[in-house]
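What follows is work_27.txt (compact mmCIF, C-alpha atoms).
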# COMPACT_ATOMS: atom_id res chain seq x y z
CA MET A 1 16.91 2.54 -23.15
CA LYS A 2 13.72 0.57 -23.78
CA MET A 3 14.10 -3.20 -23.41
CA HIS A 4 11.88 -6.22 -22.93
CA GLY A 5 12.10 -9.88 -22.06
CA LEU A 6 9.16 -11.74 -23.62
CA GLY A 7 7.06 -8.57 -23.57
CA ASN A 8 7.85 -7.84 -19.91
CA ASP A 9 9.11 -4.34 -20.69
CA PHE A 10 11.51 -1.93 -19.01
CA VAL A 11 12.91 1.54 -19.18
CA VAL A 12 16.61 1.32 -18.29
CA LEU A 13 18.52 4.39 -17.13
CA ASP A 14 22.32 4.28 -17.24
CA ALA A 15 23.60 6.12 -14.16
CA ARG A 16 27.19 4.94 -14.31
CA ALA A 17 28.58 8.17 -15.80
CA ARG A 18 26.57 10.52 -13.58
CA ALA A 19 24.19 10.12 -10.69
CA LEU A 20 20.48 10.31 -11.46
CA ASP A 21 17.78 11.40 -9.02
CA VAL A 22 15.15 8.76 -9.78
CA THR A 23 12.16 9.51 -7.56
CA PRO A 24 8.91 7.53 -7.28
CA ALA A 25 7.16 10.45 -9.02
CA LEU A 26 9.56 10.24 -11.98
CA ALA A 27 9.09 6.47 -12.16
CA ARG A 28 5.29 6.84 -12.27
CA ALA A 29 5.53 9.50 -14.98
CA LEU A 30 7.88 7.38 -17.10
CA ALA A 31 5.62 4.35 -16.64
CA ASP A 32 2.58 6.07 -18.12
CA ARG A 33 2.07 4.51 -21.56
CA HIS A 34 0.21 7.59 -22.86
CA PHE A 35 2.03 10.54 -21.26
CA GLY A 36 5.43 8.94 -20.67
CA VAL A 37 7.30 5.98 -22.18
CA GLY A 38 5.61 2.99 -20.58
CA PHE A 39 7.07 0.04 -18.72
CA ASP A 40 6.38 -2.75 -16.25
CA GLN A 41 9.57 -1.97 -14.31
CA LEU A 42 12.19 0.77 -14.28
CA ALA A 43 15.82 -0.31 -13.91
CA VAL A 44 18.79 1.92 -13.06
CA ILE A 45 22.34 0.78 -13.85
CA GLY A 46 24.76 2.11 -11.26
CA THR A 47 28.24 1.47 -9.95
CA GLY A 48 29.44 0.20 -6.61
CA GLY A 49 29.27 -3.14 -4.91
CA GLU A 50 31.31 -6.20 -5.74
CA GLY A 51 29.94 -6.80 -9.25
CA ASP A 52 30.32 -5.33 -12.70
CA ALA A 53 27.29 -3.07 -12.11
CA HIS A 54 24.60 -2.50 -9.48
CA LEU A 55 20.95 -2.63 -10.53
CA THR A 56 18.07 -0.84 -8.81
CA PHE A 57 14.42 -1.51 -9.73
CA LEU A 58 11.17 0.42 -9.36
CA ASN A 59 7.67 -0.72 -10.27
CA ALA A 60 5.22 1.21 -12.42
CA ASP A 61 3.54 2.62 -9.29
CA GLY A 62 6.85 4.02 -8.02
CA SER A 63 7.41 1.35 -5.37
CA THR A 64 10.75 -0.43 -5.18
CA SER A 65 11.51 -4.03 -6.06
CA ALA A 66 14.66 -5.85 -4.98
CA ALA A 67 14.72 -8.17 -7.99
CA CYS A 68 13.57 -8.28 -11.61
CA GLY A 69 14.78 -11.30 -13.49
CA ASN A 70 13.89 -10.36 -17.06
CA ALA A 71 15.34 -6.86 -16.68
CA THR A 72 18.52 -8.38 -15.24
CA ARG A 73 18.87 -10.61 -18.30
CA CYS A 74 18.29 -7.67 -20.68
CA ILE A 75 20.82 -5.47 -18.93
CA ALA A 76 23.32 -8.33 -18.79
CA ARG A 77 23.02 -8.67 -22.58
CA PHE A 78 23.64 -4.92 -22.98
CA LEU A 79 26.71 -5.02 -20.73
CA MET A 80 28.06 -8.17 -22.41
CA THR A 81 27.80 -6.46 -25.79
CA GLU A 82 29.48 -3.37 -24.37
CA THR A 83 32.39 -5.26 -22.80
CA GLY A 84 32.73 -8.23 -25.15
CA ARG A 85 32.43 -10.62 -22.22
CA ASP A 86 30.19 -13.69 -21.90
CA ARG A 87 29.91 -13.75 -18.10
CA LEU A 88 29.11 -10.97 -15.61
CA VAL A 89 28.30 -10.47 -11.95
CA LEU A 90 25.52 -7.98 -11.19
CA THR A 91 24.49 -6.86 -7.73
CA THR A 92 20.96 -5.92 -6.67
CA ASP A 93 19.22 -5.25 -3.39
CA ALA A 94 18.39 -8.99 -3.44
CA GLY A 95 22.04 -9.97 -3.65
CA ARG A 96 24.71 -10.99 -6.13
CA LEU A 97 23.52 -12.41 -9.48
CA GLU A 98 25.66 -14.19 -12.05
CA ALA A 99 24.75 -13.77 -15.73
CA VAL A 100 26.03 -16.01 -18.53
CA GLU A 101 25.73 -15.97 -22.33
CA ALA A 102 23.49 -18.93 -23.25
CA GLY A 103 23.70 -18.82 -27.06
CA ALA A 104 21.00 -18.31 -29.69
CA GLY A 105 20.34 -14.80 -28.38
CA ARG A 106 19.56 -16.02 -24.88
CA VAL A 107 20.99 -15.10 -21.48
CA SER A 108 20.98 -17.11 -18.24
CA VAL A 109 20.84 -15.46 -14.83
CA ASN A 110 21.26 -17.14 -11.46
CA MET A 111 18.54 -15.53 -9.35
CA GLY A 112 19.99 -17.02 -6.18
CA PRO A 113 18.48 -19.51 -3.75
CA PRO A 114 14.73 -19.31 -3.10
CA GLN A 115 13.42 -18.27 0.31
CA THR A 116 11.00 -20.88 1.62
CA ASP A 117 10.91 -19.89 5.30
CA TRP A 118 7.94 -17.68 6.18
CA ARG A 119 10.15 -14.98 7.72
CA ALA A 120 12.24 -14.63 4.58
CA VAL A 121 9.39 -14.48 2.04
CA PRO A 122 8.23 -12.48 4.12
CA LEU A 123 4.85 -13.44 5.57
CA ALA A 124 3.05 -11.70 8.41
CA SER A 125 2.94 -14.74 10.70
CA GLU A 126 4.35 -18.23 11.07
CA THR A 127 2.86 -20.26 8.22
CA ASP A 128 3.62 -23.40 6.22
CA THR A 129 4.82 -21.81 2.97
CA LEU A 130 3.97 -24.96 1.00
CA HIS A 131 0.29 -24.71 1.92
CA LEU A 132 -0.89 -21.18 2.70
CA PRO A 133 -4.19 -20.71 4.54
CA ILE A 134 -5.68 -18.95 1.51
CA ASP A 135 -8.48 -20.31 -0.71
CA GLY A 136 -6.84 -22.22 -3.55
CA ASP A 137 -3.99 -23.65 -1.42
CA PRO A 138 -1.16 -21.51 -2.87
CA VAL A 139 2.58 -21.73 -2.22
CA ALA A 140 4.68 -18.83 -0.89
CA THR A 141 8.20 -18.28 -2.22
CA GLY A 142 10.71 -15.47 -1.90
CA MET A 143 12.88 -14.71 -4.92
CA GLY A 144 14.20 -11.35 -3.77
CA ASN A 145 10.54 -10.33 -3.67
CA PRO A 146 7.47 -12.19 -2.40
CA HIS A 147 5.40 -14.56 -4.53
CA CYS A 148 2.12 -16.44 -4.17
CA THR A 149 1.63 -19.32 -6.63
CA PHE A 150 -1.70 -21.04 -7.33
CA PHE A 151 -1.81 -24.33 -9.23
CA VAL A 152 -5.11 -24.39 -11.12
CA GLU A 153 -6.86 -26.60 -13.63
CA ASP A 154 -6.87 -23.92 -16.33
CA ALA A 155 -4.73 -20.80 -15.98
CA GLU A 156 -6.44 -19.24 -19.00
CA ALA A 157 -9.83 -19.31 -17.25
CA VAL A 158 -8.74 -17.23 -14.23
CA ASP A 159 -9.95 -13.61 -14.19
CA LEU A 160 -6.50 -12.33 -13.28
CA ALA A 161 -7.51 -8.66 -13.38
CA ARG A 162 -9.89 -9.33 -10.48
CA PHE A 163 -8.04 -12.12 -8.72
CA GLY A 164 -4.54 -10.60 -8.84
CA PRO A 165 -5.03 -7.38 -6.85
CA ALA A 166 -7.04 -9.16 -4.16
CA ILE A 167 -4.15 -11.55 -3.49
CA GLU A 168 -1.46 -8.86 -3.97
CA HIS A 169 -2.86 -7.03 -0.94
CA HIS A 170 -3.64 -10.12 1.18
CA PRO A 171 -2.85 -9.41 4.87
CA LEU A 172 -0.58 -12.46 5.03
CA TYR A 173 1.86 -10.54 2.79
CA PRO A 174 3.02 -7.36 4.60
CA GLU A 175 5.04 -6.19 1.57
CA ARG A 176 2.34 -7.21 -0.95
CA THR A 177 3.06 -10.04 -3.38
CA ASN A 178 3.39 -11.08 -6.99
CA VAL A 179 0.65 -13.55 -7.93
CA GLN A 180 0.96 -16.48 -10.32
CA VAL A 181 -1.62 -18.94 -11.66
CA ALA A 182 -0.08 -22.03 -13.23
CA THR A 183 -1.28 -25.20 -14.91
CA LEU A 184 0.76 -28.36 -15.49
CA THR A 185 0.63 -28.94 -19.25
CA GLY A 186 3.17 -31.74 -19.65
CA PRO A 187 6.14 -33.40 -18.00
CA ASP A 188 8.15 -30.54 -16.48
CA ARG A 189 6.13 -27.92 -18.40
CA LEU A 190 3.83 -25.25 -16.98
CA ARG A 191 1.53 -22.59 -18.42
CA MET A 192 1.73 -19.54 -16.17
CA ARG A 193 0.10 -16.12 -16.01
CA VAL A 194 1.20 -13.40 -13.65
CA TRP A 195 0.00 -10.36 -11.76
CA GLU A 196 2.96 -8.31 -10.54
CA ARG A 197 2.72 -6.12 -7.46
CA GLY A 198 2.94 -2.49 -8.44
CA ALA A 199 2.54 -3.25 -12.15
CA GLY A 200 -0.53 -5.44 -12.73
CA ILE A 201 -0.83 -8.09 -15.44
CA THR A 202 2.44 -8.52 -17.33
CA LEU A 203 3.29 -10.69 -20.34
CA ALA A 204 6.13 -12.36 -18.46
CA SER A 205 8.01 -12.23 -15.16
CA GLY A 206 11.38 -13.78 -14.49
CA SER A 207 11.23 -13.88 -10.70
CA SER A 208 7.63 -15.17 -10.90
CA SER A 209 8.76 -17.94 -13.24
CA CYS A 210 11.51 -18.90 -10.80
CA ALA A 211 9.08 -18.89 -7.87
CA THR A 212 6.58 -21.01 -9.79
CA ALA A 213 9.26 -23.54 -10.75
CA VAL A 214 10.37 -23.81 -7.12
CA ALA A 215 6.76 -24.17 -5.92
CA ALA A 216 6.03 -26.90 -8.50
CA ALA A 217 9.13 -28.85 -7.56
CA ARG A 218 8.36 -28.55 -3.83
CA ARG A 219 4.84 -29.83 -4.48
CA GLY A 220 6.20 -32.77 -6.45
CA LEU A 221 4.42 -31.67 -9.63
CA THR A 222 7.64 -31.35 -11.64
CA GLY A 223 11.35 -31.90 -11.44
CA ARG A 224 13.70 -29.02 -10.69
CA ALA A 225 14.21 -28.09 -14.38
CA VAL A 226 11.06 -26.86 -16.10
CA THR A 227 9.84 -24.97 -19.14
CA ILE A 228 7.36 -22.18 -18.44
CA ASP A 229 5.06 -20.81 -21.13
CA LEU A 230 3.98 -17.22 -20.46
CA ASP A 231 1.78 -14.80 -22.37
CA GLY A 232 4.91 -13.31 -24.01
CA GLY A 233 6.90 -16.48 -24.69
CA THR A 234 8.88 -19.22 -22.99
CA LEU A 235 11.49 -19.32 -20.21
CA ASP A 236 13.54 -22.25 -18.97
CA VAL A 237 14.11 -22.46 -15.21
CA ASP A 238 16.53 -24.81 -13.45
CA TRP A 239 16.67 -24.95 -9.64
CA ARG A 240 20.25 -26.02 -9.02
CA GLU A 241 22.36 -26.33 -5.89
CA ASP A 242 23.79 -22.82 -6.35
CA GLY A 243 20.47 -21.11 -7.04
CA VAL A 244 17.59 -20.81 -9.50
CA TRP A 245 18.84 -20.29 -13.05
CA MET A 246 16.53 -18.64 -15.58
CA THR A 247 17.23 -18.64 -19.32
CA GLY A 248 15.44 -16.78 -22.10
CA PRO A 249 15.64 -14.19 -24.89
CA THR A 250 16.18 -10.45 -24.54
CA ALA A 251 15.37 -7.42 -26.70
CA HIS A 252 16.87 -3.92 -26.76
CA VAL A 253 14.22 -1.89 -28.59
CA PHE A 254 15.57 1.68 -28.73
CA ASP A 255 17.65 4.36 -27.02
CA GLY A 256 16.11 7.72 -26.18
CA VAL A 257 16.68 11.07 -24.51
CA LEU A 258 14.13 12.61 -22.15
CA THR A 259 13.53 16.27 -22.94
CA ASP A 260 14.07 19.04 -20.41
CA ASP A 261 10.50 20.28 -20.91
CA TRP A 262 9.02 16.87 -20.10
CA LEU A 263 11.24 16.39 -17.06
CA GLU A 264 10.33 19.84 -15.71
CA ALA A 265 6.64 19.07 -16.12
CA VAL A 266 6.72 15.77 -14.21
CA THR A 267 9.24 16.47 -11.45
If you took the structure in this file and wrote it as structure tokens, what would it be?
Amino acid sequence: MKMHGLGNDFVVLDARARALDVTPALARALADRHFGVGFDQLAVIGTGGEGDAHLTFLNADGSTSAACGNATRCIARFLMTETGRDRLVLTTDAGRLEAVEAGAGRVSVNMGPPQTDWRAVPLASETDTLHLPIDGDPVATGMGNPHCTFFVEDAEAVDLARFGPAIEHHPLYPERTNVQVATLTGPDRLRMRVWERGAGITLASGSSSCATAVAAARRGLTGRAVTIDLDGGTLDVDWREDGVWMTGPTAHVFDGVLTDDWLEAVT
């Protein structure tokens, strides 16, 4: 299946009926927008665990990701439609995530509590996560994967194609990092752009939006409930006692079948 959340797009493989051998090489081939299908992240729906389904994520470069908020919302919508339910529990390598029907075509997912201790993000050495020793004074947050958030005067003016990869591979982040640049545009409203590790510039990112909301609240720039405007649209994020809830639209674009010839050529 091809899905997207605000233009943050995914290929979703349903492995509940039979096991699929999803290798990094297959992920890279599928991710190619000219010779494959094209995506920011690949998601595999599996069974097992304590939830209604278990989700596994790979980036466009074949690396793994423990969490992907927009893909989780899209898959939750698919499973809700399939089962007729309005509430699900999905498990990922980042933990147990609750998904709830939010009305008007939107889905809410609890992405769990943020990690604000340097070990949990993780960072390479003991560091104040609220003020990293990196030019621009960014904030580090873990949301199942690592994030580095810069608050800037004008997010639109940042050359993200140059800036993003330099920060993604910063030595302070041993597992690389997602990179966000955000500007406060109103009371509890942020304009954010994102560079995702293993994918590059994306039109939206759920976990990045959650990390940015947490960073803004910790800095005292906003309250704990914020609206985030991304290149692909708008998400609402609410940092509650039980975790960081993210709400936004989903889209299921098409279903497809990979041909045997193509699979033989790329695997």
*Just how far from atom CA of Arg189 of chain A is atom CA of Leu221 of chain A, in Å to one decimal?*
9.7 Å
*Can you pull out every residue within 6 Å of Phe151 of chain A, counting all atoms listed in the file, but drop anything in the same chain fewer than 3 positions away, and send it as a count of residues only?*
3
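For Asn8 of chain A, the residues within 6 Å (counting all atoms listed in the file, excluding itself and residues fewer than 3 positions away along the chain) are His4, Gly5, Leu203 and Ala204 of chain A.
With all atoms listed in the file as the basis for measurement, A:Val194 is the residue among A:Ile75, A:Val194, A:Leu58, A:Met111 that approaches Val179 of chain A most closely.
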*asked:* One decimal, in Å: what's the spacing between atom CA of Gly220 of chain A and atom CA of Thr141 of chain A?
replied: 15.2 Å
*Distance in Å - atom CA of Met80 of chain A versus atom CA of Asp9 of chain A*: 19.4 Å
Could you build a table of the residues in segment 99-181 of chain A lying no more than 6 Å from segment 239-258 of chain A, giving for each the nearest pair of atoms and their separation in Å rounded to one decimal place, using only C-alpha atoms, ordered by chain and ascending residue number, as a Markdown table?
| residue | atom | partner | partner_atom | distance |
| --- | --- | --- | --- | --- |
| A:Gly105 | CA | A:Pro249 | CA | 5.9 |
| A:Arg106 | CA | A:Pro249 | CA | 4.3 |
| A:Val107 | CA | A:Thr247 | CA | 5.6 |
| A:Ser108 | CA | A:Thr247 | CA | 4.2 |
| A:Val109 | CA | A:Met246 | CA | 5.4 |
| A:Asn110 | CA | A:Trp245 | CA | 4.3 |
| A:Met111 | CA | A:Val244 | CA | 5.4 |
| A:Gly112 | CA | A:Gly243 | CA | 4.2 |
| A:Pro113 | CA | A:Gly243 | CA | 4.2 |
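Restricting the calculation to all atoms listed in the file, the smallest distance between Ile167 of chain A and any of A:Gly62, A:Gly186, A:Pro138, A:Gly103 is found for A:Pro138.
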Residues within 12 Å of segment 82-92 of chain A, please, as a PDB file with C-alpha atoms, in the frame of the given file. Count all atoms listed in the file; anything in the same chain fewer than 2 positions from it doesn't count.
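part.pdb written:
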ATOM      1  CA  ALA A  43      15.820  -0.310 -13.910  1.00  0.00           C
ATOM      2  CA  VAL A  44      18.790   1.920 -13.060  1.00  0.00           C
ATOM      3  CA  ILE A  45      22.340   0.780 -13.850  1.00  0.00           C
ATOM      4  CA  GLY A  46      24.760   2.110 -11.260  1.00  0.00           C
ATOM      5  CA  THR A  47      28.240   1.470  -9.950  1.00  0.00           C
ATOM      6  CA  GLY A  48      29.440   0.200  -6.610  1.00  0.00           C
ATOM      7  CA  GLY A  49      29.270  -3.140  -4.910  1.00  0.00           C
ATOM      8  CA  GLU A  50      31.310  -6.200  -5.740  1.00  0.00           C
ATOM      9  CA  GLY A  51      29.940  -6.800  -9.250  1.00  0.00           C
ATOM     10  CA  ASP A  52      30.320  -5.330 -12.700  1.00  0.00           C
ATOM     11  CA  ALA A  53      27.290  -3.070 -12.110  1.00  0.00           C
ATOM     12  CA  HIS A  54      24.600  -2.500  -9.480  1.00  0.00           C
ATOM     13  CA  LEU A  55      20.950  -2.630 -10.530  1.00  0.00           C
ATOM     14  CA  THR A  56      18.070  -0.840  -8.810  1.00  0.00           C
ATOM     15  CA  PHE A  57      14.420  -1.510  -9.730  1.00  0.00           C
ATOM     16  CA  LEU A  58      11.170   0.420  -9.360  1.00  0.00           C
ATOM     17  CA  THR A  64      10.750  -0.430  -5.180  1.00  0.00           C
ATOM     18  CA  SER A  65      11.510  -4.030  -6.060  1.00  0.00           C
ATOM     19  CA  ALA A  66      14.660  -5.850  -4.980  1.00  0.00           C
ATOM     20  CA  ALA A  67      14.720  -8.170  -7.990  1.00  0.00           C
ATOM     21  CA  CYS A  68      13.570  -8.280 -11.610  1.00  0.00           C
ATOM     22  CA  GLY A  69      14.780 -11.300 -13.490  1.00  0.00           C
ATOM     23  CA  ALA A  71      15.340  -6.860 -16.680  1.00  0.00           C
ATOM     24  CA  THR A  72      18.520  -8.380 -15.240  1.00  0.00           C
ATOM     25  CA  ARG A  73      18.870 -10.610 -18.300  1.00  0.00           C
ATOM     26  CA  CYS A  74      18.290  -7.670 -20.680  1.00  0.00           C
ATOM     27  CA  ILE A  75      20.820  -5.470 -18.930  1.00  0.00           C
ATOM     28  CA  ALA A  76      23.320  -8.330 -18.790  1.00  0.00           C
ATOM     29  CA  ARG A  77      23.020  -8.670 -22.580  1.00  0.00           C
ATOM     30  CA  PHE A  78      23.640  -4.920 -22.980  1.00  0.00           C
ATOM     31  CA  LEU A  79      26.710  -5.020 -20.730  1.00  0.00           C
ATOM     32  CA  MET A  80      28.060  -8.170 -22.410  1.00  0.00           C
ATOM     33  CA  ALA A  94      18.390  -8.990  -3.440  1.00  0.00           C
ATOM     34  CA  GLY A  95      22.040  -9.970  -3.650  1.00  0.00           C
ATOM     35  CA  ARG A  96      24.710 -10.990  -6.130  1.00  0.00           C
ATOM     36  CA  LEU A  97      23.520 -12.410  -9.480  1.00  0.00           C
ATOM     37  CA  GLU A  98      25.660 -14.190 -12.050  1.00  0.00           C
ATOM     38  CA  ALA A  99      24.750 -13.770 -15.730  1.00  0.00           C
ATOM     39  CA  VAL A 100      26.030 -16.010 -18.530  1.00  0.00           C
ATOM     40  CA  GLU A 101      25.730 -15.970 -22.330  1.00  0.00           C
ATOM     41  CA  ALA A 102      23.490 -18.930 -23.250  1.00  0.00           C
ATOM     42  CA  GLY A 103      23.700 -18.820 -27.060  1.00  0.00           C
ATOM     43  CA  GLY A 105      20.340 -14.800 -28.380  1.00  0.00           C
ATOM     44  CA  ARG A 106      19.560 -16.020 -24.880  1.00  0.00           C
ATOM     45  CA  VAL A 107      20.990 -15.100 -21.480  1.00  0.00           C
ATOM     46  CA  SER A 108      20.980 -17.110 -18.240  1.00  0.00           C
ATOM     47  CA  VAL A 109      20.840 -15.460 -14.830  1.00  0.00           C
ATOM     48  CA  ASN A 110      21.260 -17.140 -11.460  1.00  0.00           C
ATOM     49  CA  MET A 111      18.540 -15.530  -9.350  1.00  0.00           C
ATOM     50  CA  GLY A 112      19.990 -17.020  -6.180  1.00  0.00           C
ATOM     51  CA  GLY A 144      14.200 -11.350  -3.770  1.00  0.00           C
ATOM     52  CA  ASN A 145      10.540 -10.330  -3.670  1.00  0.00           C
TER      53      ASN A 145
END
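Of the residues listed (A:Thr185, A:Ala17, A:Thr234, A:Ala199), A:Ala199 shows the shortest atom-to-atom separation from Ala31 of chain A; distances use only C-alpha atoms.
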*List as a PyMOL selection string: which residues have an atom within 12 Å of (4.1, 9.7, -20.2), counting all atoms listed in the file?*
chain A and resi 25-39+60+258-259+262-263+265-266
